[in-house]
>>> print(open('entry-v9.pdb').read())   # PDB, C-alpha atoms, pLDDT in the B column
ATOM      1  CA  GLU A   1      27.606   8.242  13.417  1.00 79.00           C
ATOM      2  CA  GLY A   2      31.045   7.191  14.454  1.00 89.00           C
ATOM      3  CA  SER A   3      33.987   4.837  14.316  1.00 91.00           C
ATOM      4  CA  TYR A   4      34.478   2.236  17.047  1.00 91.00           C
ATOM      5  CA  THR A   5      37.550   0.102  17.677  1.00 92.00           C
ATOM      6  CA  CYS A   6      37.771  -3.099  19.675  1.00 91.00           C
ATOM      7  CA  GLU A   7      41.283  -3.858  20.866  1.00 91.00           C
ATOM      8  CA  VAL A   8      42.577  -7.054  22.523  1.00 92.00           C
ATOM      9  CA  SER A   9      45.979  -7.699  23.988  1.00 91.00           C
ATOM     10  CA  ASP A  10      47.694 -10.622  25.706  1.00 90.00           C
ATOM     11  CA  GLY A  11      50.452  -8.379  27.064  1.00 87.00           C
ATOM     12  CA  GLN A  12      52.844  -9.102  24.209  1.00 90.00           C
ATOM     13  CA  THR A  13      50.782  -8.629  21.068  1.00 92.00           C
ATOM     14  CA  THR A  14      47.807  -6.444  20.315  1.00 92.00           C
ATOM     15  CA  ASP A  15      45.118  -6.782  17.676  1.00 93.00           C
ATOM     16  CA  ASN A  16      42.164  -4.564  16.844  1.00 93.00           C
ATOM     17  CA  SER A  17      39.171  -4.249  14.597  1.00 93.00           C
ATOM     18  CA  THR A  18      37.414  -1.029  13.662  1.00 93.00           C
ATOM     19  CA  PHE A  19      33.845  -0.616  12.452  1.00 89.00           C
ATOM     20  CA  TRP A  20      31.628   2.317  11.514  1.00 90.00           C
ATOM     21  CA  ILE A  21      28.089   2.863  12.825  1.00 89.00           C
ATOM     22  CA  THR A  22      25.547   5.121  11.138  1.00 85.00           C
ATOM     23  CA  VAL A  23      22.258   5.757  12.930  1.00 84.00           C
ATOM     24  CA  LYS A  24      19.426   6.669  10.581  1.00 85.00           C
ATOM     25  CA  SER A  25      16.328   8.649  11.388  1.00 92.00           C
ATOM     26  CA  ALA A  26      13.339   6.281  11.067  1.00 93.00           C
ATOM     27  CA  PRO A  27      10.661   7.226   8.541  1.00 95.00           C
ATOM     28  CA  THR A  28       7.384   8.803   9.632  1.00 96.00           C
ATOM     29  CA  ILE A  29       4.234   8.270   7.547  1.00 96.00           C
ATOM     30  CA  ARG A  30       1.586  10.930   6.942  1.00 95.00           C
ATOM     31  CA  ASP A  31      -1.713   9.909   8.560  1.00 93.00           C
ATOM     32  CA  PHE A  32      -4.320   8.472   6.194  1.00 89.00           C
ATOM     33  CA  ASP A  33      -7.614   6.662   6.419  1.00 90.00           C
ATOM     34  CA  PHE A  34      -9.892   4.570   4.253  1.00 89.00           C
ATOM     35  CA  LEU A  35     -13.476   5.635   3.703  1.00 89.00           C
ATOM     36  CA  PRO A  36     -16.166   2.995   3.156  1.00 90.00           C
ATOM     37  CA  GLN A  37     -16.069   1.826  -0.455  1.00 92.00           C
ATOM     38  CA  VAL A  38     -18.784   0.642  -2.858  1.00 94.00           C
ATOM     39  CA  GLU A  39     -18.484  -2.752  -4.530  1.00 95.00           C
ATOM     40  CA  GLY A  40     -17.567  -2.494  -8.199  1.00 96.00           C
ATOM     41  CA  THR A  41     -15.891   0.916  -7.889  1.00 96.00           C
ATOM     42  CA  ASN A  42     -12.182   1.711  -8.075  1.00 96.00           C
ATOM     43  CA  MET A  43     -10.071   2.839  -5.135  1.00 95.00           C
ATOM     44  CA  GLY A  44      -6.673   4.503  -4.888  1.00 95.00           C
ATOM     45  CA  LYS A  45      -4.607   5.422  -1.832  1.00 96.00           C
ATOM     46  CA  THR A  46      -1.190   7.053  -1.542  1.00 97.00           C
ATOM     47  CA  CYS A  47       1.066   6.602   1.473  1.00 97.00           C
ATOM     48  CA  VAL A  48       3.712   9.312   1.970  1.00 97.00           C
ATOM     49  CA  ALA A  49       6.821   9.267   4.175  1.00 96.00           C
ATOM     50  CA  ILE A  50       7.093  12.815   5.537  1.00 96.00           C
ATOM     51  CA  SER A  51      10.445  12.378   7.291  1.00 95.00           C
ATOM     52  CA  GLY A  52      13.334   9.935   7.670  1.00 94.00           C
ATOM     53  CA  ASP A  53      16.730   9.340   6.114  1.00 92.00           C
ATOM     54  CA  GLN A  54      16.826   8.137   2.520  1.00 90.00           C
ATOM     55  CA  PRO A  55      16.648   5.647   0.986  1.00 91.00           C
ATOM     56  CA  ILE A  56      13.166   4.748   2.252  1.00 94.00           C
ATOM     57  CA  GLU A  57      11.563   1.497   1.113  1.00 94.00           C
ATOM     58  CA  MET A  58       7.767   1.485   1.190  1.00 96.00           C
ATOM     59  CA  ALA A  59       5.161  -1.243   0.812  1.00 97.00           C
ATOM     60  CA  TRP A  60       1.447  -1.860   1.231  1.00 97.00           C
ATOM     61  CA  LYS A  61       0.243  -4.840   3.268  1.00 97.00           C
ATOM     62  CA  LYS A  62      -3.201  -6.427   3.505  1.00 96.00           C
ATOM     63  CA  ASP A  63      -3.855  -8.481   6.635  1.00 97.00           C
ATOM     64  CA  GLY A  64      -0.088  -8.553   7.253  1.00 96.00           C
ATOM     65  CA  LYS A  65       0.828  -9.862   3.769  1.00 96.00           C
ATOM     66  CA  LEU A  66       2.638  -7.871   1.083  1.00 96.00           C
ATOM     67  CA  VAL A  67       0.328  -6.409  -1.603  1.00 96.00           C
ATOM     68  CA  GLN A  68       1.740  -6.797  -5.107  1.00 93.00           C
ATOM     69  CA  ASN A  69       0.693  -5.889  -8.638  1.00 92.00           C
ATOM     70  CA  LEU A  70      -1.987  -8.297  -9.842  1.00 90.00           C
ATOM     71  CA  ASP A  71      -2.843  -8.186 -13.549  1.00 87.00           C
ATOM     72  CA  ASN A  72      -5.388  -5.391 -14.069  1.00 88.00           C
ATOM     73  CA  LYS A  73      -6.836  -5.763 -10.542  1.00 95.00           C
ATOM     74  CA  ILE A  74      -4.191  -4.192  -8.239  1.00 96.00           C
ATOM     75  CA  GLY A  75      -1.519  -1.692  -9.161  1.00 96.00           C
ATOM     76  CA  ILE A  76       1.389  -0.562  -6.970  1.00 96.00           C
ATOM     77  CA  GLU A  77       3.461   2.467  -7.962  1.00 96.00           C
ATOM     78  CA  LYS A  78       6.597   3.225  -5.932  1.00 95.00           C
ATOM     79  CA  MET A  79       8.103   6.709  -5.738  1.00 91.00           C
ATOM     80  CA  ALA A  80      11.051   8.126  -3.768  1.00 86.00           C
ATOM     81  CA  SER A  81       9.121   8.780  -0.548  1.00 92.00           C
ATOM     82  CA  ALA A  82       5.657   7.483  -1.385  1.00 96.00           C
ATOM     83  CA  ILE A  83       3.769   4.460  -2.654  1.00 97.00           C
ATOM     84  CA  HIS A  84       0.403   4.410  -4.415  1.00 97.00           C
ATOM     85  CA  MET A  85      -1.996   1.446  -4.428  1.00 97.00           C
ATOM     86  CA  TYR A  86      -4.862   1.195  -6.901  1.00 96.00           C
ATOM     87  CA  ILE A  87      -7.579  -1.482  -6.771  1.00 97.00           C
ATOM     88  CA  HIS A  88      -9.874  -1.839  -9.784  1.00 97.00           C
ATOM     89  CA  GLY A  89     -13.392  -3.253  -9.418  1.00 96.00           C
ATOM     90  CA  LEU A  90     -13.643  -3.646  -5.645  1.00 96.00           C
ATOM     91  CA  ASP A  91     -15.269  -6.836  -4.387  1.00 95.00           C
ATOM     92  CA  ALA A  92     -15.654  -8.698  -1.089  1.00 94.00           C
ATOM     93  CA  ASP A  93     -12.190 -10.296  -1.463  1.00 93.00           C
ATOM     94  CA  ASP A  94     -10.627  -6.830  -1.255  1.00 95.00           C
ATOM     95  CA  ALA A  95     -11.954  -6.204   2.268  1.00 94.00           C
ATOM     96  CA  GLY A  96      -9.292  -6.385   4.986  1.00 94.00           C
ATOM     97  CA  ASN A  97      -6.817  -4.506   7.138  1.00 95.00           C
ATOM     98  CA  TYR A  98      -4.500  -2.460   4.908  1.00 96.00           C
ATOM     99  CA  SER A  99      -1.329  -0.879   6.245  1.00 96.00           C
ATOM    100  CA  CYS A 100       1.583   1.057   4.833  1.00 96.00           C
ATOM    101  CA  VAL A 101       5.116   0.136   5.896  1.00 96.00           C
ATOM    102  CA  ALA A 102       8.174   2.375   5.518  1.00 96.00           C
ATOM    103  CA  THR A 103      11.715   1.221   6.369  1.00 94.00           C
ATOM    104  CA  ASN A 104      15.220   2.503   5.849  1.00 90.00           C
TER     105      ASN A 104
END
>>> encode(input="entry-v9.pdb", output="structure tokens")
Amino acid sequence: EGSYTCEVSDGQTTDNSTFWITVKSAPTIRDFDFLPQVEGTNMGKTCVAISGDQPIEMAWKKDGKLVQNLDNKIGIEKMASAIHMYIHGLDADDAGNYSCVATN
């Protein structure tokens, strides 16, 4: 964290601009895995950020695309340093590569 100033001069006049830089500690996610699931059952998974400077934004992705609430099928609950995903009535369309993303 610090203040930086850029100064220019033509020998007669001087001008400057100052800006502030804050370096944040990137979030780290607690390891998790997905066990094989049975079609027709319900599944829930919580992703937790165990370190990193707040505020931390978290999201679930499926095959690289953002997972969002979908009627009574998919529920996403965001908390301060965690995000929970719930899928009701698993079917073949729910298969894919799920990942949790945390940014600050």
>>> residues_near_point(input="entry-v9.pdb", point="(31.7, 6.1, 6.1)", cutoff="12 Å", atoms="all atoms listed in the file", output="number ranges by chain")
A: 1-4, 18-23
>>> residues_around(input="entry-v9.pdb", residues="Gln68 of chain A", least_positions_apart="3", cutoff="12 Å", atoms="only C-alpha atoms", output="list in words")
Ala59, Trp60, Lys61, Lys62, Lys65, Asp71, Asn72, Lys73, Ile74, Gly75, Ile76, Glu77, Lys78, Ile83, His84, Met85, Tyr86 and Ile87 of chain A
>>> write_last_selection(input="entry-v9.pdb", atoms="C-alpha atoms", output="mmCIF file, keeping the file's coordinate frame")
data_model
loop_
_atom_site.group_PDB
_atom_site.id
_atom_site.type_symbol
_atom_site.label_atom_id
_atom_site.label_comp_id
_atom_site.auth_asym_id
_atom_site.auth_seq_id
_atom_site.Cartn_x
_atom_site.Cartn_y
_atom_site.Cartn_z
ATOM 1 C CA ALA A 59 5.161 -1.243 0.812
ATOM 2 C CA TRP A 60 1.447 -1.860 1.231
ATOM 3 C CA LYS A 61 0.243 -4.840 3.268
ATOM 4 C CA LYS A 62 -3.201 -6.427 3.505
ATOM 5 C CA LYS A 65 0.828 -9.862 3.769
ATOM 6 C CA ASP A 71 -2.843 -8.186 -13.549
ATOM 7 C CA ASN A 72 -5.388 -5.391 -14.069
ATOM 8 C CA LYS A 73 -6.836 -5.763 -10.542
ATOM 9 C CA ILE A 74 -4.191 -4.192 -8.239
ATOM 10 C CA GLY A 75 -1.519 -1.692 -9.161
ATOM 11 C CA ILE A 76 1.389 -0.562 -6.970
ATOM 12 C CA GLU A 77 3.461 2.467 -7.962
ATOM 13 C CA LYS A 78 6.597 3.225 -5.932
ATOM 14 C CA ILE A 83 3.769 4.460 -2.654
ATOM 15 C CA HIS A 84 0.403 4.410 -4.415
ATOM 16 C CA MET A 85 -1.996 1.446 -4.428
ATOM 17 C CA TYR A 86 -4.862 1.195 -6.901
ATOM 18 C CA ILE A 87 -7.579 -1.482 -6.771
#
>>> resolve_selection(input="entry-v9.pdb", expression="the PyMOL selection byres ((chain A and resi 93) around 12)", output="list in words")
Glu39, Gly40, Lys62, Asp63, Lys73, Ile87, Gly89, Leu90, Asp91, Ala92, Asp94, Ala95, Gly96 and Asn97 of chain A
>>> atom_distance(input="entry-v9.pdb", atom1="atom CA of Asp53 of chain A", atom2="atom CA of Leu66 of chain A")
22.8 Å
>>> resolve_selection(input="entry-v9.pdb", expression="the PyMOL selection byres ((chain A and resi 16) around 9)", output="list in words")
Thr5, Cys6, Glu7, Val8, Ser9, Thr14, Asp15, Ser17 and Thr18 of chain A
>>> residues_around(input="entry-v9.pdb", residues="Ala49 of chain A", least_positions_apart="3", cutoff="7 Å", atoms="only C-alpha atoms", output="VMD selection string")
chain A and resid 27 to 30 81 to 82
>>> closest_residue(input="entry-v9.pdb", among="A:Leu70, A:Ala26, A:Met43, A:Leu35", to="Ile56 of chain A", atoms="only C-alpha atoms")
A:Ala26
>>> atom_distance(input="entry-v9.pdb", atom1="atom CA of Thr103 of chain A", atom2="atom CA of Val67 of chain A")
15.9 Å
>>> closest_residue(input="entry-v9.pdb", among="A:Asn69, A:Asn104, A:Gln54, A:Ser99", to="Asp31 of chain A", atoms="all atoms listed in the file")
A:Ser99
>>> build_atoms(input="entry-v9.pdb", residues="segment 30-60 of chain A", atoms="N, CA and C atoms", output="CSV table (one decimal), in the frame of the given file")
chain,number,residue,atom,x,y,z
A,30,ARG,N,2.7,10.0,6.8
A,30,ARG,CA,1.6,10.9,6.9
A,30,ARG,C,0.3,10.1,7.2
A,31,ASP,N,-0.5,10.6,8.2
A,31,ASP,CA,-1.7,9.9,8.6
A,31,ASP,C,-2.6,9.8,7.3
A,32,PHE,N,-3.3,8.7,7.3
A,32,PHE,CA,-4.3,8.5,6.2
A,32,PHE,C,-5.4,7.6,6.7
A,33,ASP,N,-6.5,7.6,6.0
A,33,ASP,CA,-7.6,6.7,6.4
A,33,ASP,C,-8.3,6.2,5.2
A,34,PHE,N,-9.1,5.1,5.3
A,34,PHE,CA,-9.9,4.6,4.3
A,34,PHE,C,-11.4,4.8,4.5
A,35,LEU,N,-12.0,5.4,3.6
A,35,LEU,CA,-13.5,5.6,3.7
A,35,LEU,C,-14.2,4.4,3.2
A,36,PRO,N,-15.4,4.2,3.7
A,36,PRO,CA,-16.2,3.0,3.2
A,36,PRO,C,-16.2,3.1,1.6
A,37,GLN,N,-16.1,1.9,1.0
A,37,GLN,CA,-16.1,1.8,-0.5
A,37,GLN,C,-17.3,1.1,-1.0
A,38,VAL,N,-17.6,1.3,-2.2
A,38,VAL,CA,-18.8,0.6,-2.9
A,38,VAL,C,-18.3,-0.4,-3.8
A,39,GLU,N,-18.9,-1.6,-3.7
A,39,GLU,CA,-18.5,-2.8,-4.5
A,39,GLU,C,-18.6,-2.4,-6.0
A,40,GLY,N,-17.6,-2.8,-6.8
A,40,GLY,CA,-17.6,-2.5,-8.2
A,40,GLY,C,-16.9,-1.2,-8.6
A,41,THR,N,-16.6,-0.3,-7.6
A,41,THR,CA,-15.9,0.9,-7.9
A,41,THR,C,-14.4,0.7,-7.8
A,42,ASN,N,-13.6,1.7,-8.1
A,42,ASN,CA,-12.2,1.7,-8.1
A,42,ASN,C,-11.7,2.5,-6.9
A,43,MET,N,-10.6,2.1,-6.3
A,43,MET,CA,-10.1,2.8,-5.1
A,43,MET,C,-8.6,3.1,-5.3
A,44,GLY,N,-8.1,4.2,-4.9
A,44,GLY,CA,-6.7,4.5,-4.9
A,44,GLY,C,-6.3,5.2,-3.6
A,45,LYS,N,-5.1,4.8,-3.1
A,45,LYS,CA,-4.6,5.4,-1.8
A,45,LYS,C,-3.1,5.6,-1.9
A,46,THR,N,-2.6,6.8,-1.5
A,46,THR,CA,-1.2,7.1,-1.5
A,46,THR,C,-0.7,7.2,-0.1
A,47,CYS,N,0.4,6.5,0.2
A,47,CYS,CA,1.1,6.6,1.5
A,47,CYS,C,2.4,7.4,1.3
A,48,VAL,N,2.6,8.4,2.1
A,48,VAL,CA,3.7,9.3,2.0
A,48,VAL,C,4.6,9.3,3.2
A,49,ALA,N,5.9,9.1,3.1
A,49,ALA,CA,6.8,9.3,4.2
A,49,ALA,C,7.2,10.7,4.3
A,50,ILE,N,6.9,11.4,5.4
A,50,ILE,CA,7.1,12.8,5.5
A,50,ILE,C,8.4,13.2,6.2
A,51,SER,N,9.1,12.1,6.7
A,51,SER,CA,10.4,12.4,7.3
A,51,SER,C,11.2,11.1,7.3
A,52,GLY,N,12.5,11.1,7.6
A,52,GLY,CA,13.3,9.9,7.7
A,52,GLY,C,14.5,10.0,6.7
A,53,ASP,N,15.6,9.4,7.0
A,53,ASP,CA,16.7,9.3,6.1
A,53,ASP,C,16.5,8.4,4.9
A,54,GLN,N,16.9,8.9,3.8
A,54,GLN,CA,16.8,8.1,2.5
A,54,GLN,C,17.9,7.1,2.5
A,55,PRO,N,17.8,6.0,1.8
A,55,PRO,CA,16.6,5.6,1.0
A,55,PRO,C,15.6,5.0,1.9
A,56,ILE,N,14.3,5.3,1.5
A,56,ILE,CA,13.2,4.7,2.3
A,56,ILE,C,12.5,3.7,1.3
A,57,GLU,N,12.3,2.5,1.8
A,57,GLU,CA,11.6,1.5,1.1
A,57,GLU,C,10.1,1.5,1.7
A,58,MET,N,9.2,1.5,0.8
A,58,MET,CA,7.8,1.5,1.2
A,58,MET,C,7.0,0.3,0.6
A,59,ALA,N,6.0,-0.1,1.3
A,59,ALA,CA,5.2,-1.2,0.8
A,59,ALA,C,3.8,-1.1,1.4
A,60,TRP,N,2.8,-1.7,0.7
A,60,TRP,CA,1.4,-1.9,1.2
A,60,TRP,C,1.3,-3.3,1.7
